[in-house]
Amino acid sequence: MALKTGKGAAAPPFLVMDVIAAANARQAALPTGSPHVIRMEVGQPGTGAPAGAVAAAQAALRSGHPLGYTEAFGLRSLRDQIAAHAKDWYGLTIPIGRIAVTVGASGAFPLAFLAAFDPGDRIAMAAPFYPPYVNILTALGMTPVILEATLETRFQPTIAMLEKLDPRPDGLIVASPCNPAGTMLHTDELAAIAIWCHRNGVRLISDEIYHGLNYDSPVASAAQFSDSAIVVNSFSKYFSMTGWRIGWMVLPDDLARPVECLAQNLFISAPYIAQVAAEAAFGCHDELRANVASYRRSRDYLLAALPAAGFTRLSPAEGAFYLFADIADRSNDSVAFCARMLREAGVAVSPGVDFDRTRGHRFVRFSYCGPEADMREVAARLQRWR
């Protein structure tokens, strides 16, 4: 008799992880002295955690403190720092009872979805999107509703798109700056969407993990415009702490206790040592701003150089560290195109089908948060490869 498997067992892969594995294998197979694989497939800063965060973690390890469980919502001292950050960046006054420290943003999304929605609920988002949104919602029995955004709206949703939905969705996920396109909802656009969602009973979840990585326009938080929005953030991107697996949420009053109960049962708490490092990271803005300046230089260089390598249709790249490139004039199979680029040019990028399942076959995503020297070398390699 065959054993039953759950619906979650059918979750599709997050293809960028497969690209990472392929790039690792390619690098391992290269003869000594060969040009290395240039990694542009994953949104992982080439810099490590800021020095102050590392020093704080080292001191905690030497202290003899047991580094055990914290409260489910995290160390109060870290939540105080997050509240101060919200005041400094957005002018918001948020009580720490509404702040939840999470196991990365990835740990925040299932908590938010489980607390805010029921199986069968419909949650909208613009395509292209971060793949785990859809995969987590589907595994939880919820229904993603995809809005096919275009370059004309900077691959972001609009109220006009939302008004066309019948019935209206139970929720909306927005990301600004967004992965994979690096575009933003400008302040007036985010405000209008947040107000529309609140007035229409649509729970807004705002993914703000790329805040701080904005180049042309200021960032705004959905919490500035709506008391019912859920805000998700992370120490992975601006703070350059991907492997520490530490993030946070700002919750509306009605969801704070439900999320706390879920966190107690699903995660107990985020890792103590990562919380110590995260608290110290708030004192490292000079180092972090230097990282952002490096990303900006890489962005500017690639926007000028990639068209000469045949990538002529690029997203505006207002923030984060991604370029979304339309390759329809070169290929109709982004997976095969990326595999060939890795094999022939030694450059690893992500296929667009990860981010848009109907149109992604004609897009690829470049991540430019690696070393600046690599970002300059990649343009030369791709010009030769073309």
# chains A, B, ... in the order shown; residues from 1 in each chain; ligands from 1
>>> select_by_dssp(residues="segment 152-309 of chain A", states="helix (DSSP H, G or I)", output="VMD selection string")
chain A and resid 152 to 153 159 to 163 187 to 199 222 to 224 242 to 244 253 to 266 272 to 281 285 to 309
>>> closest_atom_pairs(of="segment 4-113 of chain A", to="segment 226-241 of chain A", cutoff="8 Å", atoms="only C-alpha atoms", output="CSV")
residue,atom,partner,partner_atom,distance
A:Gly43,CA,A:Lys237,CA,7.8
A:Gln44,CA,A:Lys237,CA,7.2
A:Pro45,CA,A:Ser240,CA,5.7
A:Thr47,CA,A:Ser240,CA,6.5
A:Gly48,CA,A:Ser240,CA,5.8
A:Ala49,CA,A:Met241,CA,4.9
A:Pro50,CA,A:Ser240,CA,7.1
A:Gly104,CA,A:Ser234,CA,5.9
A:Ala105,CA,A:Ser234,CA,5.4
A:Ala108,CA,A:Val232,CA,6.8
A:Phe109,CA,A:Val232,CA,7.7
A:Ala112,CA,A:Ile230,CA,7.4
>>> write_last_selection(atoms="C-alpha atoms", output="CSV table (one decimal), in the first residue's frame")
chain,number,residue,atom,x,y,z
A,43,GLY,CA,20.8,37.7,-3.6
A,44,GLN,CA,23.6,37.2,-1.1
A,45,PRO,CA,25.8,40.2,-0.4
A,47,THR,CA,30.3,41.2,2.1
A,48,GLY,CA,29.8,39.4,5.4
A,49,ALA,CA,28.1,40.6,8.5
A,50,PRO,CA,29.4,44.0,9.7
A,104,GLY,CA,14.8,35.4,8.8
A,105,ALA,CA,12.0,36.9,6.6
A,108,ALA,CA,8.1,35.5,9.0
A,109,PHE,CA,6.0,34.7,6.0
A,112,ALA,CA,2.0,36.1,8.7
>>> select_by_dssp(residues="segment 42-232 of chain A", states="strand (DSSP E or B)", output="VMD selection string")
chain A and resid 99 to 102 122 to 127 143 to 148 171 to 175 203 to 207 214 230 to 232
>>> write_last_selection(atoms="N, CA and C atoms", output="PDB file, in the first residue's frame")
ATOM      1  N   ILE A  99       6.351  44.090  17.690  1.00  0.00           N
ATOM      2  CA  ILE A  99       7.559  43.726  16.946  1.00  0.00           C
ATOM      3  C   ILE A  99       7.918  42.281  17.259  1.00  0.00           C
ATOM      4  N   ALA A 100       8.042  41.478  16.229  1.00  0.00           N
ATOM      5  CA  ALA A 100       8.400  40.071  16.375  1.00  0.00           C
ATOM      6  C   ALA A 100       9.722  39.812  15.665  1.00  0.00           C
ATOM      7  N   VAL A 101      10.708  39.318  16.390  1.00  0.00           N
ATOM      8  CA  VAL A 101      11.959  38.868  15.780  1.00  0.00           C
ATOM      9  C   VAL A 101      11.723  37.457  15.251  1.00  0.00           C
ATOM     10  N   THR A 102      12.149  37.200  14.014  1.00  0.00           N
ATOM     11  CA  THR A 102      11.819  35.941  13.342  1.00  0.00           C
ATOM     12  C   THR A 102      13.076  35.257  12.800  1.00  0.00           C
ATOM     13  N   ARG A 122      -7.722  34.015  -0.879  1.00  0.00           N
ATOM     14  CA  ARG A 122      -7.064  34.443  -2.106  1.00  0.00           C
ATOM     15  C   ARG A 122      -6.148  35.620  -1.797  1.00  0.00           C
ATOM     16  N   ILE A 123      -4.865  35.462  -2.123  1.00  0.00           N
ATOM     17  CA  ILE A 123      -3.876  36.492  -1.825  1.00  0.00           C
ATOM     18  C   ILE A 123      -3.226  36.924  -3.133  1.00  0.00           C
ATOM     19  N   ALA A 124      -3.322  38.203  -3.433  1.00  0.00           N
ATOM     20  CA  ALA A 124      -2.830  38.744  -4.699  1.00  0.00           C
ATOM     21  C   ALA A 124      -1.389  39.205  -4.576  1.00  0.00           C
ATOM     22  N   MET A 125      -0.709  39.205  -5.721  1.00  0.00           N
ATOM     23  CA  MET A 125       0.645  39.750  -5.823  1.00  0.00           C
ATOM     24  C   MET A 125       0.936  39.997  -7.291  1.00  0.00           C
ATOM     25  N   ALA A 126       1.859  40.908  -7.536  1.00  0.00           N
ATOM     26  CA  ALA A 126       2.261  41.190  -8.908  1.00  0.00           C
ATOM     27  C   ALA A 126       3.316  40.190  -9.352  1.00  0.00           C
ATOM     28  N   ALA A 127       3.247  39.783 -10.610  1.00  0.00           N
ATOM     29  CA  ALA A 127       4.315  39.001 -11.229  1.00  0.00           C
ATOM     30  C   ALA A 127       5.162  39.943 -12.076  1.00  0.00           C
ATOM     31  N   THR A 143      -4.713  30.443  -1.928  1.00  0.00           N
ATOM     32  CA  THR A 143      -4.723  30.575  -3.380  1.00  0.00           C
ATOM     33  C   THR A 143      -4.032  31.861  -3.819  1.00  0.00           C
ATOM     34  N   PRO A 144      -2.866  31.763  -4.457  1.00  0.00           N
ATOM     35  CA  PRO A 144      -2.235  32.969  -5.002  1.00  0.00           C
ATOM     36  C   PRO A 144      -3.034  33.500  -6.198  1.00  0.00           C
ATOM     37  N   VAL A 145      -3.171  34.804  -6.262  1.00  0.00           N
ATOM     38  CA  VAL A 145      -3.825  35.475  -7.384  1.00  0.00           C
ATOM     39  C   VAL A 145      -2.775  36.362  -8.033  1.00  0.00           C
ATOM     40  N   ILE A 146      -2.407  36.034  -9.264  1.00  0.00           N
ATOM     41  CA  ILE A 146      -1.275  36.689  -9.903  1.00  0.00           C
ATOM     42  C   ILE A 146      -1.741  37.840 -10.790  1.00  0.00           C
ATOM     43  N   LEU A 147      -1.168  39.014 -10.533  1.00  0.00           N
ATOM     44  CA  LEU A 147      -1.402  40.202 -11.350  1.00  0.00           C
ATOM     45  C   LEU A 147      -0.218  40.355 -12.286  1.00  0.00           C
ATOM     46  N   GLU A 148      -0.449  40.252 -13.576  1.00  0.00           N
ATOM     47  CA  GLU A 148       0.668  40.294 -14.527  1.00  0.00           C
ATOM     48  C   GLU A 148       1.077  41.744 -14.783  1.00  0.00           C
ATOM     49  N   GLY A 171      -6.054  39.164   0.628  1.00  0.00           N
ATOM     50  CA  GLY A 171      -4.787  39.778   0.978  1.00  0.00           C
ATOM     51  C   GLY A 171      -4.024  40.231  -0.244  1.00  0.00           C
ATOM     52  N   LEU A 172      -3.011  41.039  -0.014  1.00  0.00           N
ATOM     53  CA  LEU A 172      -2.122  41.520  -1.073  1.00  0.00           C
ATOM     54  C   LEU A 172      -0.710  41.544  -0.526  1.00  0.00           C
ATOM     55  N   ILE A 173       0.236  40.997  -1.285  1.00  0.00           N
ATOM     56  CA  ILE A 173       1.650  41.081  -0.953  1.00  0.00           C
ATOM     57  C   ILE A 173       2.310  42.084  -1.895  1.00  0.00           C
ATOM     58  N   VAL A 174       3.026  43.035  -1.330  1.00  0.00           N
ATOM     59  CA  VAL A 174       3.824  43.962  -2.136  1.00  0.00           C
ATOM     60  C   VAL A 174       5.264  43.901  -1.655  1.00  0.00           C
ATOM     61  N   ALA A 175       6.190  44.247  -2.539  1.00  0.00           N
ATOM     62  CA  ALA A 175       7.608  44.287  -2.198  1.00  0.00           C
ATOM     63  C   ALA A 175       8.216  45.500  -2.859  1.00  0.00           C
ATOM     64  N   ARG A 203      -6.014  42.393   3.610  1.00  0.00           N
ATOM     65  CA  ARG A 203      -4.846  42.434   4.487  1.00  0.00           C
ATOM     66  C   ARG A 203      -3.582  42.642   3.648  1.00  0.00           C
ATOM     67  N   LEU A 204      -2.864  43.712   3.920  1.00  0.00           N
ATOM     68  CA  LEU A 204      -1.650  44.038   3.189  1.00  0.00           C
ATOM     69  C   LEU A 204      -0.440  43.469   3.919  1.00  0.00           C
ATOM     70  N   ILE A 205       0.404  42.746   3.171  1.00  0.00           N
ATOM     71  CA  ILE A 205       1.694  42.290   3.682  1.00  0.00           C
ATOM     72  C   ILE A 205       2.765  42.971   2.844  1.00  0.00           C
ATOM     73  N   SER A 206       3.585  43.770   3.504  1.00  0.00           N
ATOM     74  CA  SER A 206       4.601  44.566   2.815  1.00  0.00           C
ATOM     75  C   SER A 206       5.976  43.984   3.107  1.00  0.00           C
ATOM     76  N   ASP A 207       6.616  43.463   2.062  1.00  0.00           N
ATOM     77  CA  ASP A 207       7.957  42.910   2.161  1.00  0.00           C
ATOM     78  C   ASP A 207       8.944  44.061   1.981  1.00  0.00           C
ATOM     79  N   ASN A 214      18.288  51.478  -1.688  1.00  0.00           N
ATOM     80  CA  ASN A 214      17.544  52.283  -2.650  1.00  0.00           C
ATOM     81  C   ASN A 214      18.463  53.390  -3.153  1.00  0.00           C
ATOM     82  N   ILE A 230       0.848  44.259   7.673  1.00  0.00           N
ATOM     83  CA  ILE A 230       1.941  43.479   8.246  1.00  0.00           C
ATOM     84  C   ILE A 230       3.205  43.854   7.479  1.00  0.00           C
ATOM     85  N   VAL A 231       4.243  44.222   8.198  1.00  0.00           N
ATOM     86  CA  VAL A 231       5.521  44.577   7.576  1.00  0.00           C
ATOM     87  C   VAL A 231       6.537  43.486   7.904  1.00  0.00           C
ATOM     88  N   VAL A 232       7.220  43.005   6.877  1.00  0.00           N
ATOM     89  CA  VAL A 232       8.270  41.997   7.036  1.00  0.00           C
ATOM     90  C   VAL A 232       9.603  42.635   6.651  1.00  0.00           C
TER      91      VAL A 232
END
>>> residues_around(residues="segment 299-304 of chain A", least_positions_apart="2", cutoff="12 Å", atoms="only C-alpha atoms", output="ChimeraX atom specification")
/A:182,213-216,292-297,306-325,366-380,382-383
>>> write_last_selection(atoms="C-alpha atoms", output="PDB file, in the first residue's frame")
ATOM      1  CA  GLY A 182      14.682  45.936  -8.306  1.00  0.00           C
ATOM      2  CA  LEU A 213      19.201  49.473  -0.727  1.00  0.00           C
ATOM      3  CA  ASN A 214      17.544  52.283  -2.650  1.00  0.00           C
ATOM      4  CA  TYR A 215      19.359  54.526  -5.105  1.00  0.00           C
ATOM      5  CA  ASP A 216      17.020  56.981  -6.799  1.00  0.00           C
ATOM      6  CA  VAL A 292      25.397  50.245  -0.611  1.00  0.00           C
ATOM      7  CA  ALA A 293      27.768  52.609  -2.418  1.00  0.00           C
ATOM      8  CA  SER A 294      29.526  49.556  -3.880  1.00  0.00           C
ATOM      9  CA  TYR A 295      26.211  48.106  -5.098  1.00  0.00           C
ATOM     10  CA  ARG A 296      25.362  51.441  -6.670  1.00  0.00           C
ATOM     11  CA  ARG A 297      28.631  51.504  -8.590  1.00  0.00           C
ATOM     12  CA  LEU A 306      25.167  44.959 -20.360  1.00  0.00           C
ATOM     13  CA  PRO A 307      23.430  46.410 -23.440  1.00  0.00           C
ATOM     14  CA  ALA A 308      26.714  45.979 -25.304  1.00  0.00           C
ATOM     15  CA  ALA A 309      26.557  42.311 -24.323  1.00  0.00           C
ATOM     16  CA  GLY A 310      23.113  41.953 -25.895  1.00  0.00           C
ATOM     17  CA  PHE A 311      20.963  42.633 -22.827  1.00  0.00           C
ATOM     18  CA  THR A 312      19.209  45.738 -24.062  1.00  0.00           C
ATOM     19  CA  ARG A 313      15.908  45.568 -22.143  1.00  0.00           C
ATOM     20  CA  LEU A 314      16.615  45.939 -18.440  1.00  0.00           C
ATOM     21  CA  SER A 315      14.430  46.816 -15.457  1.00  0.00           C
ATOM     22  CA  PRO A 316      14.914  50.328 -14.005  1.00  0.00           C
ATOM     23  CA  ALA A 317      16.844  48.946 -10.959  1.00  0.00           C
ATOM     24  CA  GLU A 318      15.719  51.575  -8.460  1.00  0.00           C
ATOM     25  CA  GLY A 319      16.699  49.463  -5.465  1.00  0.00           C
ATOM     26  CA  ALA A 320      17.777  46.066  -4.104  1.00  0.00           C
ATOM     27  CA  PHE A 321      20.624  44.568  -6.183  1.00  0.00           C
ATOM     28  CA  TYR A 322      18.907  42.979  -9.157  1.00  0.00           C
ATOM     29  CA  LEU A 323      18.520  43.559 -12.872  1.00  0.00           C
ATOM     30  CA  PHE A 324      15.667  41.775 -14.647  1.00  0.00           C
ATOM     31  CA  ALA A 325      16.553  41.330 -18.304  1.00  0.00           C
ATOM     32  CA  PHE A 366      21.224  39.289 -12.561  1.00  0.00           C
ATOM     33  CA  SER A 367      22.223  39.846  -8.935  1.00  0.00           C
ATOM     34  CA  TYR A 368      24.977  42.450  -8.630  1.00  0.00           C
ATOM     35  CA  CYS A 369      25.806  42.293  -4.912  1.00  0.00           C
ATOM     36  CA  GLY A 370      29.047  40.364  -5.446  1.00  0.00           C
ATOM     37  CA  PRO A 371      32.561  41.808  -5.551  1.00  0.00           C
ATOM     38  CA  GLU A 372      32.856  44.884  -7.780  1.00  0.00           C
ATOM     39  CA  ALA A 373      35.723  43.321  -9.721  1.00  0.00           C
ATOM     40  CA  ASP A 374      33.471  40.392 -10.658  1.00  0.00           C
ATOM     41  CA  MET A 375      30.684  42.717 -11.739  1.00  0.00           C
ATOM     42  CA  ARG A 376      33.073  44.435 -14.144  1.00  0.00           C
ATOM     43  CA  GLU A 377      34.507  41.171 -15.389  1.00  0.00           C
ATOM     44  CA  VAL A 378      31.053  39.762 -16.091  1.00  0.00           C
ATOM     45  CA  ALA A 379      30.292  42.433 -18.664  1.00  0.00           C
ATOM     46  CA  ALA A 380      33.504  41.612 -20.530  1.00  0.00           C
ATOM     47  CA  LEU A 382      29.242  38.306 -21.693  1.00  0.00           C
ATOM     48  CA  GLN A 383      30.328  40.638 -24.473  1.00  0.00           C
TER      49      GLN A 383
END
>>> closest_residue(among="A:Arg330, A:Arg26, A:His211, A:Arg257", to="Ala86 of chain A", atoms="only C-alpha atoms")
A:His211
>>> residues_around(residues="segment 130-142 of chain A", least_positions_apart="5", cutoff="8 Å", atoms="only C-alpha atoms", output="VMD selection string")
chain A and resid 7 to 8 11 to 12 14 109 to 110 113 to 114 117 to 123 179 to 180 354 to 355
>>> write_last_selection(atoms="N, CA and C atoms", output="PDB file, in the first residue's frame")
ATOM      1  N   LYS A   7       0.023  17.710   0.786  1.00  0.00           N
ATOM      2  CA  LYS A   7       0.025  18.689  -0.298  1.00  0.00           C
ATOM      3  C   LYS A   7       1.347  19.437  -0.371  1.00  0.00           C
ATOM      4  N   GLY A   8       1.956  19.674   0.786  1.00  0.00           N
ATOM      5  CA  GLY A   8       3.216  20.414   0.814  1.00  0.00           C
ATOM      6  C   GLY A   8       4.343  19.679   0.127  1.00  0.00           C
ATOM      7  N   ALA A  11       5.321  20.924  -3.387  1.00  0.00           N
ATOM      8  CA  ALA A  11       5.799  22.290  -3.609  1.00  0.00           C
ATOM      9  C   ALA A  11       6.889  22.291  -4.675  1.00  0.00           C
ATOM     10  N   PRO A  12       6.807  23.201  -5.635  1.00  0.00           N
ATOM     11  CA  PRO A  12       7.841  23.248  -6.682  1.00  0.00           C
ATOM     12  C   PRO A  12       9.161  23.729  -6.111  1.00  0.00           C
ATOM     13  N   PHE A  14      12.554  25.971  -5.602  1.00  0.00           N
ATOM     14  CA  PHE A  14      13.007  27.359  -5.742  1.00  0.00           C
ATOM     15  C   PHE A  14      14.249  27.254  -6.624  1.00  0.00           C
ATOM     16  N   PHE A 109       7.111  34.847   6.889  1.00  0.00           N
ATOM     17  CA  PHE A 109       5.985  34.702   5.961  1.00  0.00           C
ATOM     18  C   PHE A 109       4.978  33.649   6.392  1.00  0.00           C
ATOM     19  N   PRO A 110       5.379  32.425   6.766  1.00  0.00           N
ATOM     20  CA  PRO A 110       4.350  31.478   7.205  1.00  0.00           C
ATOM     21  C   PRO A 110       3.609  31.934   8.457  1.00  0.00           C
ATOM     22  N   PHE A 113       1.083  34.511   7.121  1.00  0.00           N
ATOM     23  CA  PHE A 113       0.013  33.892   6.331  1.00  0.00           C
ATOM     24  C   PHE A 113      -0.940  33.089   7.217  1.00  0.00           C
ATOM     25  N   LEU A 114      -0.397  32.338   8.167  1.00  0.00           N
ATOM     26  CA  LEU A 114      -1.243  31.520   9.038  1.00  0.00           C
ATOM     27  C   LEU A 114      -2.106  32.382   9.959  1.00  0.00           C
ATOM     28  N   PHE A 117      -4.752  34.560   7.326  1.00  0.00           N
ATOM     29  CA  PHE A 117      -5.593  33.949   6.299  1.00  0.00           C
ATOM     30  C   PHE A 117      -6.007  32.528   6.686  1.00  0.00           C
ATOM     31  N   ASP A 118      -7.023  32.046   5.991  1.00  0.00           N
ATOM     32  CA  ASP A 118      -7.508  30.677   6.144  1.00  0.00           C
ATOM     33  C   ASP A 118      -7.275  29.919   4.845  1.00  0.00           C
ATOM     34  N   PRO A 119      -7.244  28.579   4.905  1.00  0.00           N
ATOM     35  CA  PRO A 119      -7.179  27.805   3.660  1.00  0.00           C
ATOM     36  C   PRO A 119      -8.303  28.220   2.710  1.00  0.00           C
ATOM     37  N   GLY A 120      -7.946  28.388   1.460  1.00  0.00           N
ATOM     38  CA  GLY A 120      -8.909  28.833   0.458  1.00  0.00           C
ATOM     39  C   GLY A 120      -8.923  30.318   0.220  1.00  0.00           C
ATOM     40  N   ASP A 121      -8.352  31.098   1.144  1.00  0.00           N
ATOM     41  CA  ASP A 121      -8.299  32.545   0.945  1.00  0.00           C
ATOM     42  C   ASP A 121      -7.427  32.880  -0.260  1.00  0.00           C
ATOM     43  N   ARG A 122      -7.722  34.015  -0.879  1.00  0.00           N
ATOM     44  CA  ARG A 122      -7.064  34.443  -2.106  1.00  0.00           C
ATOM     45  C   ARG A 122      -6.148  35.620  -1.797  1.00  0.00           C
ATOM     46  N   ILE A 123      -4.865  35.462  -2.123  1.00  0.00           N
ATOM     47  CA  ILE A 123      -3.876  36.492  -1.825  1.00  0.00           C
ATOM     48  C   ILE A 123      -3.226  36.924  -3.133  1.00  0.00           C
ATOM     49  N   ASN A 179      12.137  41.996  -5.534  1.00  0.00           N
ATOM     50  CA  ASN A 179      12.903  40.903  -6.127  1.00  0.00           C
ATOM     51  C   ASN A 179      11.934  40.202  -7.072  1.00  0.00           C
ATOM     52  N   PRO A 180      12.229  40.144  -8.392  1.00  0.00           N
ATOM     53  CA  PRO A 180      13.547  40.198  -9.014  1.00  0.00           C
ATOM     54  C   PRO A 180      13.879  41.482  -9.768  1.00  0.00           C
ATOM     55  N   ASP A 354      11.509  31.223 -12.413  1.00  0.00           N
ATOM     56  CA  ASP A 354      11.393  31.185 -10.957  1.00  0.00           C
ATOM     57  C   ASP A 354      10.441  32.269 -10.454  1.00  0.00           C
ATOM     58  N   PHE A 355      10.373  33.384 -11.161  1.00  0.00           N
ATOM     59  CA  PHE A 355       9.695  34.577 -10.668  1.00  0.00           C
ATOM     60  C   PHE A 355       8.379  34.884 -11.398  1.00  0.00           C
TER      61      PHE A 355
END
>>> closest_residue(among="A:Met161, A:Met341, A:Ala290, A:Ala181", to="Phe129 of chain A", atoms="only C-alpha atoms")
A:Ala181
>>> atom_distance(atom1="atom CA of Pro252 of chain A", atom2="atom CA of Arg98 of chain A")
6.6 Å
>>> closest_residue(among="A:Ala21, A:Ala72, A:Ala192, A:Ala10", to="Leu262 of chain A", atoms="only C-alpha atoms")
A:Ala72
>>> closest_residue(among="A:Leu61, A:Leu185, A:Val276, A:Ala115", to="Gly74 of chain A", atoms="only C-alpha atoms")
A:Val276
>>> residues_around(residues="Ile327 of chain A", least_positions_apart="4", cutoff="8 Å", atoms="only C-alpha atoms", output="ChimeraX atom specification")
/A:311,313,331-332,334,362-364
>>> write_last_selection(atoms="C-alpha atoms", output="PDB file, in the first residue's frame")
ATOM      1  CA  PHE A 311      20.963  42.633 -22.827  1.00  0.00           C
ATOM      2  CA  ARG A 313      15.908  45.568 -22.143  1.00  0.00           C
ATOM      3  CA  SER A 331      15.946  32.829 -26.270  1.00  0.00           C
ATOM      4  CA  ASN A 332      12.492  31.563 -25.350  1.00  0.00           C
ATOM      5  CA  SER A 334      15.467  31.023 -19.777  1.00  0.00           C
ATOM      6  CA  ARG A 362      11.954  35.126 -21.632  1.00  0.00           C
ATOM      7  CA  PHE A 363      13.629  36.788 -18.628  1.00  0.00           C
ATOM      8  CA  VAL A 364      16.740  36.285 -16.523  1.00  0.00           C
TER       9      VAL A 364
END
>>> atom_distance(atom1="atom CA of Asn291 of chain A", atom2="atom CA of Trp248 of chain A")
21.5 Å
>>> atom_distance(atom1="atom CA of Gly283 of chain A", atom2="atom CA of Glu260 of chain A")
27.4 Å
>>> residues_around(residues="Ala51 of chain A", least_positions_apart="4", cutoff="12 Å", atoms="only C-alpha atoms", output="list in words")
Thr47, Ala55, Ala56, Ala57, Gln58, Phe239, Ser240, Met241, Ala277, Ala278, Ala280, Ala281, Phe282, Gly283, Cys284, His285, Asp286, Glu287 and Leu288 of chain A
>>> write_last_selection(atoms="N, CA and C atoms", output="tab-separated table (two decimals), in the first residue's frame")
chain	number	residue	atom	x	y	z
A	47	THR	N	29.76	40.90	0.81
A	47	THR	CA	30.33	41.24	2.11
A	47	THR	C	29.70	40.36	3.17
A	55	ALA	N	31.83	41.02	16.13
A	55	ALA	CA	32.48	41.20	17.43
A	55	ALA	C	31.51	40.93	18.57
A	56	ALA	N	30.26	41.36	18.42
A	56	ALA	CA	29.27	41.12	19.47
A	56	ALA	C	28.99	39.64	19.63
A	57	ALA	N	28.91	38.92	18.52
A	57	ALA	CA	28.68	37.47	18.59
A	57	ALA	C	29.87	36.78	19.25
A	58	GLN	N	31.08	37.19	18.90
A	58	GLN	CA	32.27	36.58	19.50
A	58	GLN	C	32.30	36.83	21.01
A	239	PHE	N	21.78	44.70	5.90
A	239	PHE	CA	22.70	44.39	7.00
A	239	PHE	C	23.69	43.28	6.66
A	240	SER	N	23.54	42.66	5.49
A	240	SER	CA	24.52	41.70	4.97
A	240	SER	C	24.70	40.50	5.88
A	241	MET	N	23.59	39.95	6.40
A	241	MET	CA	23.65	38.85	7.37
A	241	MET	C	22.78	37.67	6.94
A	277	ALA	N	24.01	39.50	17.47
A	277	ALA	CA	24.70	40.12	16.33
A	277	ALA	C	23.83	41.16	15.66
A	278	ALA	N	22.54	40.87	15.52
A	278	ALA	CA	21.63	41.81	14.86
A	278	ALA	C	21.51	43.10	15.65
A	280	ALA	N	23.76	44.49	17.48
A	280	ALA	CA	24.98	45.27	17.26
A	280	ALA	C	25.03	45.86	15.86
A	281	ALA	N	24.40	45.19	14.89
A	281	ALA	CA	24.45	45.67	13.51
A	281	ALA	C	23.84	47.06	13.35
A	282	PHE	N	22.93	47.44	14.23
A	282	PHE	CA	22.34	48.78	14.14
A	282	PHE	C	23.37	49.87	14.40
A	283	GLY	N	24.51	49.52	14.96
A	283	GLY	CA	25.57	50.50	15.18
A	283	GLY	C	26.62	50.52	14.09
A	284	CYS	N	26.33	49.88	12.96
A	284	CYS	CA	27.34	49.70	11.91
A	284	CYS	C	26.95	50.39	10.60
A	285	HIS	N	26.20	51.46	10.66
A	285	HIS	CA	25.66	52.05	9.43
A	285	HIS	C	26.75	52.61	8.51
A	286	ASP	N	27.87	53.09	9.05
A	286	ASP	CA	28.92	53.59	8.17
A	286	ASP	C	29.42	52.48	7.26
A	287	GLU	N	29.69	51.31	7.82
A	287	GLU	CA	30.14	50.17	7.02
A	287	GLU	C	29.06	49.74	6.04
A	288	LEU	N	27.83	49.73	6.49
A	288	LEU	CA	26.73	49.28	5.63
A	288	LEU	C	26.48	50.26	4.48
>>> closest_residue(among="A:Gln27, A:Ser106, A:Thr93, A:Ser269", to="Leu75 of chain A", atoms="only C-alpha atoms")
A:Ser269
